[in-house]
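Asks: For reference, the file entry_24.cif (mmCIF, C-alpha atoms) is included below:
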```cif
data_work
loop_
_atom_site.label_atom_id
_atom_site.label_comp_id
_atom_site.auth_asym_id
_atom_site.auth_seq_id
_atom_site.Cartn_x
_atom_site.Cartn_y
_atom_site.Cartn_z
CA GLN A 57 27.38 27.34 -38.66
CA SER A 58 30.67 26.80 -40.47
CA ALA A 59 30.72 27.58 -44.18
CA LEU A 60 30.80 24.73 -46.66
CA THR A 61 34.18 24.23 -48.32
CA GLN A 62 34.58 25.04 -52.01
CA PRO A 63 37.77 25.49 -54.05
CA PRO A 64 38.43 29.23 -54.55
CA SER A 65 38.88 28.82 -58.28
CA ALA A 66 38.26 26.49 -61.21
CA SER A 67 38.88 26.84 -64.91
CA GLY A 68 38.41 25.17 -68.26
CA SER A 69 38.52 25.87 -71.96
CA PRO A 70 35.40 26.33 -74.07
CA GLY A 71 33.73 23.01 -74.71
CA GLN A 72 35.42 21.29 -71.78
CA SER A 73 33.81 20.12 -68.55
CA VAL A 74 34.61 21.36 -65.07
CA THR A 75 33.46 20.10 -61.68
CA ILE A 76 33.21 22.19 -58.52
CA SER A 77 33.08 20.43 -55.17
CA CYS A 78 31.29 21.48 -52.01
CA THR A 79 32.19 19.72 -48.78
CA GLY A 80 30.18 19.89 -45.59
CA THR A 81 29.31 17.56 -42.77
CA SER A 82 26.67 15.04 -41.85
CA SER A 83 24.75 17.92 -40.27
CA ASP A 84 24.24 19.70 -43.57
CA VAL A 85 25.25 18.33 -46.99
CA GLY A 86 25.36 14.73 -45.85
CA GLY A 87 22.18 14.90 -43.81
CA TYR A 88 19.71 16.39 -46.28
CA ASN A 89 18.97 16.37 -50.00
CA TYR A 90 18.52 20.14 -49.95
CA VAL A 91 21.75 21.12 -51.71
CA SER A 92 21.44 23.97 -54.18
CA TRP A 93 23.86 25.83 -56.44
CA TYR A 94 23.84 29.50 -57.47
CA GLN A 95 25.57 31.39 -60.26
CA GLN A 96 26.52 35.00 -59.66
CA HIS A 97 27.89 37.36 -62.28
CA PRO A 98 29.71 40.51 -61.08
CA GLY A 99 27.35 43.08 -59.66
CA LYS A 100 24.33 40.83 -60.08
CA ALA A 101 22.10 38.85 -57.75
CA PRO A 102 22.65 35.09 -57.47
CA LYS A 103 20.65 32.83 -59.78
CA LEU A 104 19.46 29.34 -58.92
CA MET A 105 21.09 26.69 -61.11
CA ILE A 106 20.52 23.41 -59.24
CA TYR A 107 18.19 22.48 -56.38
CA GLU A 108 17.63 19.33 -54.34
CA VAL A 109 21.12 18.09 -55.29
CA SER A 110 20.50 17.42 -58.98
CA LYS A 111 17.33 19.12 -60.24
CA ARG A 112 17.45 21.97 -62.76
CA PRO A 113 14.95 24.84 -62.73
CA SER A 114 13.20 25.63 -65.96
CA GLY A 115 15.45 27.64 -68.24
CA VAL A 116 18.78 26.38 -66.90
CA PRO A 117 20.75 24.58 -69.63
CA ASP A 118 21.22 20.85 -69.23
CA ARG A 119 24.96 21.48 -69.39
CA PHE A 120 24.64 22.09 -65.66
CA SER A 121 24.31 19.03 -63.44
CA GLY A 122 24.60 18.24 -59.75
CA SER A 123 25.35 15.23 -57.61
CA LYS A 124 26.18 14.27 -54.06
CA SER A 125 28.18 11.57 -52.34
CA GLY A 126 28.31 11.50 -48.59
CA ASN A 127 29.19 14.94 -47.26
CA THR A 128 30.35 16.29 -50.62
CA ALA A 129 28.18 17.76 -53.36
CA SER A 130 29.39 18.60 -56.85
CA LEU A 131 28.37 20.88 -59.69
CA THR A 132 29.49 19.91 -63.19
CA VAL A 133 29.37 22.31 -66.10
CA SER A 134 29.76 20.53 -69.42
CA GLY A 135 30.47 22.13 -72.78
CA LEU A 136 31.82 25.29 -71.15
CA GLN A 137 30.75 28.55 -72.71
CA ALA A 138 32.07 32.06 -72.19
CA GLU A 139 28.89 33.12 -70.38
CA ASP A 140 29.46 30.43 -67.74
CA GLU A 141 32.32 32.50 -66.32
CA ALA A 142 31.00 33.57 -62.92
CA ASP A 143 31.13 32.84 -59.21
CA TYR A 144 29.34 29.69 -58.07
CA TYR A 145 28.04 29.06 -54.56
CA CYS A 146 26.71 25.89 -53.03
CA ASN A 147 24.12 25.97 -50.28
CA SER A 148 22.68 23.37 -47.94
CA TYR A 149 19.91 23.15 -45.43
CA ALA A 150 21.62 22.70 -42.06
CA GLY A 151 18.78 21.73 -39.75
CA ARG A 152 16.65 23.81 -37.38
CA ASN A 153 15.54 25.96 -40.33
CA THR A 154 19.03 27.32 -40.99
CA LEU A 155 21.01 27.48 -44.22
CA VAL A 156 24.75 27.44 -44.86
CA PHE A 157 26.62 28.61 -47.97
CA GLY A 158 29.93 27.62 -49.41
CA GLY A 159 32.71 30.17 -49.73
CA GLY A 160 32.27 30.38 -53.48
CA THR A 161 34.26 29.30 -56.53
CA LYS A 162 35.35 31.64 -59.30
CA LEU A 163 34.97 29.80 -62.60
CA THR A 164 37.18 31.08 -65.41
CA VAL A 165 36.64 30.10 -69.03
CA LEU A 166 40.10 30.17 -70.61
CA GLN B 240 6.86 36.44 -62.18
CA VAL B 241 8.47 36.68 -58.74
CA HIS B 242 9.76 40.13 -57.91
CA LEU B 243 11.63 41.09 -54.74
CA VAL B 244 12.68 44.69 -54.19
CA GLU B 245 14.82 45.65 -51.21
CA SER B 246 15.07 49.14 -49.77
CA GLY B 247 16.38 50.92 -46.68
CA GLY B 248 20.10 50.51 -47.13
CA GLY B 249 22.57 53.32 -46.66
CA VAL B 250 25.48 54.60 -44.60
CA VAL B 251 25.12 54.31 -40.83
CA GLN B 252 27.49 54.84 -37.91
CA PRO B 253 28.64 51.94 -35.73
CA GLY B 254 26.23 51.22 -32.91
CA ARG B 255 23.23 52.71 -34.73
CA SER B 256 20.19 50.97 -36.18
CA LEU B 257 18.72 50.47 -39.63
CA ARG B 258 15.61 48.73 -40.96
CA LEU B 259 15.55 47.04 -44.34
CA SER B 260 12.37 46.27 -46.26
CA CYS B 261 11.63 43.89 -49.10
CA ALA B 262 8.48 44.28 -51.19
CA ALA B 263 7.37 41.00 -52.75
CA SER B 264 5.11 40.36 -55.71
CA GLY B 265 4.30 37.68 -58.26
CA PHE B 266 3.60 34.92 -55.75
CA THR B 267 1.43 34.23 -52.69
CA PHE B 268 3.77 35.78 -50.11
CA ARG B 269 1.99 34.39 -47.04
CA ASN B 270 2.66 30.80 -48.13
CA TYR B 271 6.47 30.89 -48.17
CA GLY B 272 9.39 31.20 -45.83
CA MET B 273 11.69 34.15 -46.49
CA HIS B 274 15.36 34.83 -45.88
CA TRP B 275 17.91 37.60 -45.64
CA VAL B 276 21.32 36.76 -47.07
CA ARG B 277 24.26 39.17 -47.14
CA GLN B 278 27.47 39.55 -49.09
CA ALA B 279 30.33 41.66 -47.78
CA PRO B 280 32.36 43.50 -50.44
CA GLY B 281 34.44 41.00 -52.40
CA LYS B 282 33.28 38.12 -50.19
CA GLY B 283 30.89 35.20 -50.40
CA LEU B 284 27.26 34.77 -49.49
CA GLU B 285 26.29 34.50 -45.82
CA TRP B 286 22.90 33.40 -44.58
CA VAL B 287 21.58 35.93 -42.03
CA ALA B 288 18.03 35.05 -40.99
CA THR B 289 14.88 33.12 -41.92
CA ILE B 290 11.23 33.61 -41.04
CA SER B 291 8.46 31.07 -41.40
CA TYR B 292 5.42 31.70 -43.60
CA ASP B 293 3.18 32.57 -40.67
CA ARG B 294 5.63 34.81 -38.76
CA SER B 295 5.68 32.35 -35.92
CA ASN B 296 9.42 31.86 -35.79
CA GLY B 297 12.64 33.59 -36.77
CA TYR B 298 15.99 31.87 -37.10
CA TYR B 299 19.37 33.62 -37.04
CA ALA B 300 23.02 33.20 -37.82
CA ASP B 301 25.19 33.35 -34.72
CA SER B 302 26.86 36.49 -36.09
CA VAL B 303 23.62 38.52 -35.83
CA LYS B 304 21.68 36.75 -33.08
CA GLY B 305 20.47 39.20 -30.46
CA ARG B 306 21.11 42.22 -32.72
CA PHE B 307 18.95 41.59 -35.81
CA THR B 308 15.23 40.80 -35.98
CA ILE B 309 13.46 39.42 -39.02
CA SER B 310 9.73 40.06 -39.42
CA ARG B 311 7.06 40.14 -42.08
CA ASP B 312 3.68 41.69 -42.80
CA ASN B 313 1.71 39.25 -44.91
CA SER B 314 -1.05 41.81 -45.50
CA LYS B 315 1.53 44.03 -47.24
CA SER B 316 3.65 41.22 -48.79
CA THR B 317 6.67 42.81 -47.16
CA LEU B 318 9.68 41.37 -45.36
CA TYR B 319 11.76 43.36 -42.87
CA LEU B 320 15.13 43.18 -41.16
CA GLN B 321 15.65 45.35 -38.10
CA MET B 322 19.37 45.73 -37.53
CA ASN B 323 20.56 47.12 -34.18
CA SER B 324 24.02 47.70 -32.71
CA LEU B 325 25.53 47.71 -36.17
CA ARG B 326 29.22 46.96 -36.56
CA ALA B 327 31.71 47.55 -39.35
CA ASP B 328 31.63 43.86 -40.25
CA ASP B 329 27.91 44.12 -40.99
CA THR B 330 28.82 46.13 -44.09
CA ALA B 331 27.40 44.18 -47.02
CA VAL B 332 24.82 43.95 -49.75
CA TYR B 333 21.71 42.49 -48.14
CA TYR B 334 19.55 40.26 -50.32
CA CYS B 335 15.94 39.35 -49.70
CA ALA B 336 15.32 35.77 -50.82
CA LYS B 337 12.27 33.56 -51.19
CA ASP B 338 12.31 29.98 -49.98
CA GLU B 339 10.73 27.16 -51.94
CA SER B 340 8.89 25.90 -48.84
CA TYR B 341 6.82 27.32 -46.02
CA VAL B 342 9.89 27.69 -43.80
CA SER B 343 13.36 26.72 -45.03
CA SER B 344 14.71 24.34 -47.63
CA TRP B 345 16.38 26.27 -50.46
CA VAL B 346 16.21 29.71 -52.06
CA ASP B 347 14.55 29.90 -55.45
CA TYR B 348 14.40 33.67 -56.02
CA TRP B 349 16.55 36.62 -55.01
CA GLY B 350 16.12 40.37 -54.94
CA GLN B 351 18.73 42.73 -56.37
CA GLY B 352 20.04 43.66 -52.94
CA THR B 353 20.51 46.83 -50.92
CA LEU B 354 23.89 48.06 -49.68
CA VAL B 355 24.46 48.72 -45.99
CA SER B 356 27.69 50.50 -45.10
CA VAL B 357 28.62 50.83 -41.43
CA SER B 358 31.23 53.51 -40.99
CA SER B 359 32.04 56.44 -38.74
#
```
Represent the supplied structure as structure tokens.

Replies:
Amino acid sequence: QSALTQPPSASGSPGQSVTISCTGTSSDVGGYNYVSWYQQHPGKAPKLMIYEVSKRPSGVPDRFSGSKSGNTASLTVSGLQAEDEADYYCNSYAGRNTLVFGGGTKLTVL
Amino acid sequence: QVHLVESGGGVVQPGRSLRLSCAASGFTFRNYGMHWVRQAPGKGLEWVATISYDRSNGYYADSVKGRFTISRDNSKSTLYLQMNSLRADDTAVYYCAKDESYVSSWVDYWGQGTLVSVSS
């Protein structure tokens, strides 16, 4: 049950794009298409942004997109806006009905 | 809409017990798996436990196995977490979370969390 690996921080200017990686193993990210991404603002509960690698829930802007290659998943935020500044966490199903989260990435909009 | 409200958090001494509750509404509770996820102060999210839709099985992170028990009462649409032998490193905000499936795939909704502080 080792945490998925995310970069601690990422940044970009308004209007730019930024990509956050999430690296696991063949037992989690690489083994299932159940990768999800969550946005968390300070003091708030996490919010689902991406599920099943690349699907967006209703209400999430299409500026947010997800992908996966092998054991690494990625979240891309295009056209950065000030309100995108938050912590982002990846999550994967890890078999035997368990889940594993990434360590989180603090996204700063410069 | 989906609403998850946790309760039962507070300050507790090391070695003592605490039971968290999560009242669910806005969806057919008995059809979905449920999770507890925690977040220590200033830290990331950590999956704690999962229970299947029909209460038949609970699944646990190694860090809590043997000390915590997840359960649910489908007649009351309520999820529970019994926490025994609490330690300082159990201090965290505990979130109740709904799964998209009948057991475990991904979390689609979260509660607002309840703070558990383990301190002497």

Asks: If you measure from CA of Thr308 (chain B) to CA of Gln240 (chain B), what distance in Å do you get, rounded to one decimal?

Replies: 27.8 Å

Asks: Starting from the shown file, work through the PyMOL selection byres ((chain A) within 6 of (chain B)) and note down what comes out as an MDAnalysis selection string.

Replies: chainID A and resid 101 149 153 159:160

Asks: Quick one: pull the distance between CA of Gln278 (chain B) and CA of Asp329 (chain B), Å, one decimal.

Replies: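 So the answer is 9.3 Å.
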
Asks: When the PyMOL selection byres ((chain A and resi 92) around 7) is applied to the structure above, which residues does it catch, written out as a PyMOL selection string?

Replies: (chain A and resi 90-91+93-94+106-109+146-148) or (chain B and resi 345)

Asks: Quote the spacing between CA of Val357 (chain B) and CA of Val251 (chain B) in Å to one decimal place.

Replies: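 Answer for the CA of Val357 (chain B) to CA of Val251 (chain B) separation: 5.0 Å.
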
Asks: Compile the contact shell of Pro98 (chain A) as a PyMOL selection string: residues with an atom at most 10 Å away, counting all atoms listed in the file, same-chain residues fewer than 6 positions apart removed.

Replies: (chain A and resi 141-143) or (chain B and resi 281)

Asks: Applying 9 Å and all atoms listed in the file, which residues near Met105 (chain A) remain after dropping the ones on its own chain fewer than 3 positions away? List them as a list in words.

Replies: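 Using all atoms listed in the file, the neighbours found are Ser92, Trp93, Tyr94, Gln95, Lys111, Arg112, Pro113, Val116, Pro117, Phe120 and Ser121 of chain A.
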
Asks: How about saving the chosen residues, C-alpha atoms kept, as a PDB file, keeping the file's coordinate frame?

Replies:
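Wrote part_32.pdb, looks like this:
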```pdb
ATOM      1  CA  SER A  92      21.440  23.970 -54.180  1.00  0.00           C
ATOM      2  CA  TRP A  93      23.860  25.830 -56.440  1.00  0.00           C
ATOM      3  CA  TYR A  94      23.840  29.500 -57.470  1.00  0.00           C
ATOM      4  CA  GLN A  95      25.570  31.390 -60.260  1.00  0.00           C
ATOM      5  CA  LYS A 111      17.330  19.120 -60.240  1.00  0.00           C
ATOM      6  CA  ARG A 112      17.450  21.970 -62.760  1.00  0.00           C
ATOM      7  CA  PRO A 113      14.950  24.840 -62.730  1.00  0.00           C
ATOM      8  CA  VAL A 116      18.780  26.380 -66.900  1.00  0.00           C
ATOM      9  CA  PRO A 117      20.750  24.580 -69.630  1.00  0.00           C
ATOM     10  CA  PHE A 120      24.640  22.090 -65.660  1.00  0.00           C
ATOM     11  CA  SER A 121      24.310  19.030 -63.440  1.00  0.00           C
TER      12      SER A 121
END
```

Asks: What does the PyMOL selection byres ((chain B and resi 269) around 12) select in this file, as a ChimeraX atom specification?

Replies: /B:263-268,270-273,290-295,311-318,337-338,340-342

Asks: Missing atoms in region 94-105 of chain A: can you complete it with all heavy atoms, as a PDB file, keeping the file's coordinate frame?

Replies:
```pdb
ATOM      1  N   TYR A  94      24.190  28.186 -56.949  1.00  0.00           N
ATOM      2  CA  TYR A  94      23.840  29.500 -57.470  1.00  0.00           C
ATOM      3  C   TYR A  94      24.984  30.048 -58.298  1.00  0.00           C
ATOM      4  O   TYR A  94      26.150  29.885 -57.951  1.00  0.00           O
ATOM      5  CB  TYR A  94      23.504  30.458 -56.324  1.00  0.00           C
ATOM      6  CG  TYR A  94      22.374  29.936 -55.478  1.00  0.00           C
ATOM      7  CD1 TYR A  94      22.630  29.128 -54.381  1.00  0.00           C
ATOM      8  CD2 TYR A  94      21.052  30.193 -55.814  1.00  0.00           C
ATOM      9  CE1 TYR A  94      21.595  28.597 -53.631  1.00  0.00           C
ATOM     10  CE2 TYR A  94      20.006  29.663 -55.075  1.00  0.00           C
ATOM     11  CZ  TYR A  94      20.293  28.864 -53.989  1.00  0.00           C
ATOM     12  OH  TYR A  94      19.264  28.325 -53.251  1.00  0.00           O
ATOM     13  N   GLN A  95      24.622  30.699 -59.378  1.00  0.00           N
ATOM     14  CA  GLN A  95      25.570  31.390 -60.260  1.00  0.00           C
ATOM     15  C   GLN A  95      25.433  32.885 -60.006  1.00  0.00           C
ATOM     16  O   GLN A  95      24.315  33.399 -59.928  1.00  0.00           O
ATOM     17  CB  GLN A  95      25.229  31.090 -61.721  1.00  0.00           C
ATOM     18  CG  GLN A  95      26.089  31.795 -62.748  1.00  0.00           C
ATOM     19  CD  GLN A  95      25.508  31.625 -64.144  1.00  0.00           C
ATOM     20  OE1 GLN A  95      24.430  32.121 -64.451  1.00  0.00           O
ATOM     21  NE2 GLN A  95      26.209  30.902 -65.000  1.00  0.00           N
ATOM     22  N   GLN A  96      26.563  33.567 -59.877  1.00  0.00           N
ATOM     23  CA  GLN A  96      26.520  35.000 -59.660  1.00  0.00           C
ATOM     24  C   GLN A  96      27.531  35.697 -60.563  1.00  0.00           C
ATOM     25  O   GLN A  96      28.733  35.475 -60.437  1.00  0.00           O
ATOM     26  CB  GLN A  96      26.802  35.360 -58.201  1.00  0.00           C
ATOM     27  CG  GLN A  96      26.616  36.845 -57.906  1.00  0.00           C
ATOM     28  CD  GLN A  96      26.883  37.203 -56.455  1.00  0.00           C
ATOM     29  OE1 GLN A  96      27.790  36.641 -55.835  1.00  0.00           O
ATOM     30  NE2 GLN A  96      26.106  38.141 -55.913  1.00  0.00           N
ATOM     31  N   HIS A  97      27.025  36.517 -61.456  1.00  0.00           N
ATOM     32  CA  HIS A  97      27.890  37.360 -62.280  1.00  0.00           C
ATOM     33  C   HIS A  97      28.191  38.644 -61.515  1.00  0.00           C
ATOM     34  O   HIS A  97      27.403  39.062 -60.648  1.00  0.00           O
ATOM     35  CB  HIS A  97      27.234  37.652 -63.620  1.00  0.00           C
ATOM     36  CG  HIS A  97      27.220  36.474 -64.547  1.00  0.00           C
ATOM     37  ND1 HIS A  97      26.071  35.774 -64.860  1.00  0.00           N
ATOM     38  CD2 HIS A  97      28.234  35.866 -65.216  1.00  0.00           C
ATOM     39  CE1 HIS A  97      26.368  34.792 -65.687  1.00  0.00           C
ATOM     40  NE2 HIS A  97      27.682  34.813 -65.915  1.00  0.00           N
ATOM     41  N   PRO A  98      29.321  39.303 -61.818  1.00  0.00           N
ATOM     42  CA  PRO A  98      29.710  40.510 -61.080  1.00  0.00           C
ATOM     43  C   PRO A  98      28.620  41.557 -61.036  1.00  0.00           C
ATOM     44  O   PRO A  98      28.030  41.907 -62.073  1.00  0.00           O
ATOM     45  CB  PRO A  98      30.933  41.004 -61.865  1.00  0.00           C
ATOM     46  CG  PRO A  98      31.499  39.773 -62.478  1.00  0.00           C
ATOM     47  CD  PRO A  98      30.317  38.921 -62.826  1.00  0.00           C
ATOM     48  N   GLY A  99      28.330  42.039 -59.831  1.00  0.00           N
ATOM     49  CA  GLY A  99      27.350  43.080 -59.660  1.00  0.00           C
ATOM     50  C   GLY A  99      25.902  42.643 -59.766  1.00  0.00           C
ATOM     51  O   GLY A  99      24.995  43.479 -59.705  1.00  0.00           O
ATOM     52  N   LYS A 100      25.688  41.348 -59.909  1.00  0.00           N
ATOM     53  CA  LYS A 100      24.330  40.830 -60.080  1.00  0.00           C
ATOM     54  C   LYS A 100      23.916  39.981 -58.886  1.00  0.00           C
ATOM     55  O   LYS A 100      24.748  39.537 -58.093  1.00  0.00           O
ATOM     56  CB  LYS A 100      24.239  39.976 -61.346  1.00  0.00           C
ATOM     57  CG  LYS A 100      24.587  40.736 -62.613  1.00  0.00           C
ATOM     58  CD  LYS A 100      23.594  41.827 -62.915  1.00  0.00           C
ATOM     59  CE  LYS A 100      23.850  42.457 -64.267  1.00  0.00           C
ATOM     60  NZ  LYS A 100      22.888  43.571 -64.540  1.00  0.00           N
ATOM     61  N   ALA A 101      22.604  39.738 -58.779  1.00  0.00           N
ATOM     62  CA  ALA A 101      22.100  38.850 -57.750  1.00  0.00           C
ATOM     63  C   ALA A 101      22.383  37.394 -58.136  1.00  0.00           C
ATOM     64  O   ALA A 101      22.499  37.076 -59.323  1.00  0.00           O
ATOM     65  CB  ALA A 101      20.600  39.057 -57.566  1.00  0.00           C
ATOM     66  N   PRO A 102      22.492  36.517 -57.154  1.00  0.00           N
ATOM     67  CA  PRO A 102      22.650  35.090 -57.470  1.00  0.00           C
ATOM     68  C   PRO A 102      21.448  34.558 -58.238  1.00  0.00           C
ATOM     69  O   PRO A 102      20.335  35.073 -58.117  1.00  0.00           O
ATOM     70  CB  PRO A 102      22.754  34.438 -56.085  1.00  0.00           C
ATOM     71  CG  PRO A 102      23.196  35.527 -55.173  1.00  0.00           C
ATOM     72  CD  PRO A 102      22.540  36.774 -55.702  1.00  0.00           C
ATOM     73  N   LYS A 103      21.706  33.495 -58.989  1.00  0.00           N
ATOM     74  CA  LYS A 103      20.650  32.830 -59.780  1.00  0.00           C
ATOM     75  C   LYS A 103      20.690  31.345 -59.470  1.00  0.00           C
ATOM     76  O   LYS A 103      21.768  30.735 -59.486  1.00  0.00           O
ATOM     77  CB  LYS A 103      20.880  33.053 -61.266  1.00  0.00           C
ATOM     78  CG  LYS A 103      19.917  32.285 -62.173  1.00  0.00           C
ATOM     79  CD  LYS A 103      20.331  32.391 -63.628  1.00  0.00           C
ATOM     80  CE  LYS A 103      19.460  31.498 -64.516  1.00  0.00           C
ATOM     81  NZ  LYS A 103      19.910  31.517 -65.925  1.00  0.00           N
ATOM     82  N   LEU A 104      19.541  30.766 -59.202  1.00  0.00           N
ATOM     83  CA  LEU A 104      19.460  29.340 -58.920  1.00  0.00           C
ATOM     84  C   LEU A 104      19.766  28.521 -60.157  1.00  0.00           C
ATOM     85  O   LEU A 104      19.151  28.713 -61.208  1.00  0.00           O
ATOM     86  CB  LEU A 104      18.053  28.997 -58.403  1.00  0.00           C
ATOM     87  CG  LEU A 104      17.762  27.523 -58.111  1.00  0.00           C
ATOM     88  CD1 LEU A 104      18.584  27.039 -56.916  1.00  0.00           C
ATOM     89  CD2 LEU A 104      16.268  27.313 -57.847  1.00  0.00           C
ATOM     90  N   MET A 105      20.707  27.552 -59.993  1.00  0.00           N
ATOM     91  CA  MET A 105      21.090  26.690 -61.110  1.00  0.00           C
ATOM     92  C   MET A 105      20.708  25.224 -60.872  1.00  0.00           C
ATOM     93  O   MET A 105      20.368  24.499 -61.808  1.00  0.00           O
ATOM     94  CB  MET A 105      22.592  26.783 -61.358  1.00  0.00           C
ATOM     95  CG  MET A 105      23.101  28.191 -61.615  1.00  0.00           C
ATOM     96  SD  MET A 105      22.307  28.983 -63.008  1.00  0.00           S
ATOM     97  CE  MET A 105      23.136  28.172 -64.377  1.00  0.00           C
TER      98      MET A 105
END
```
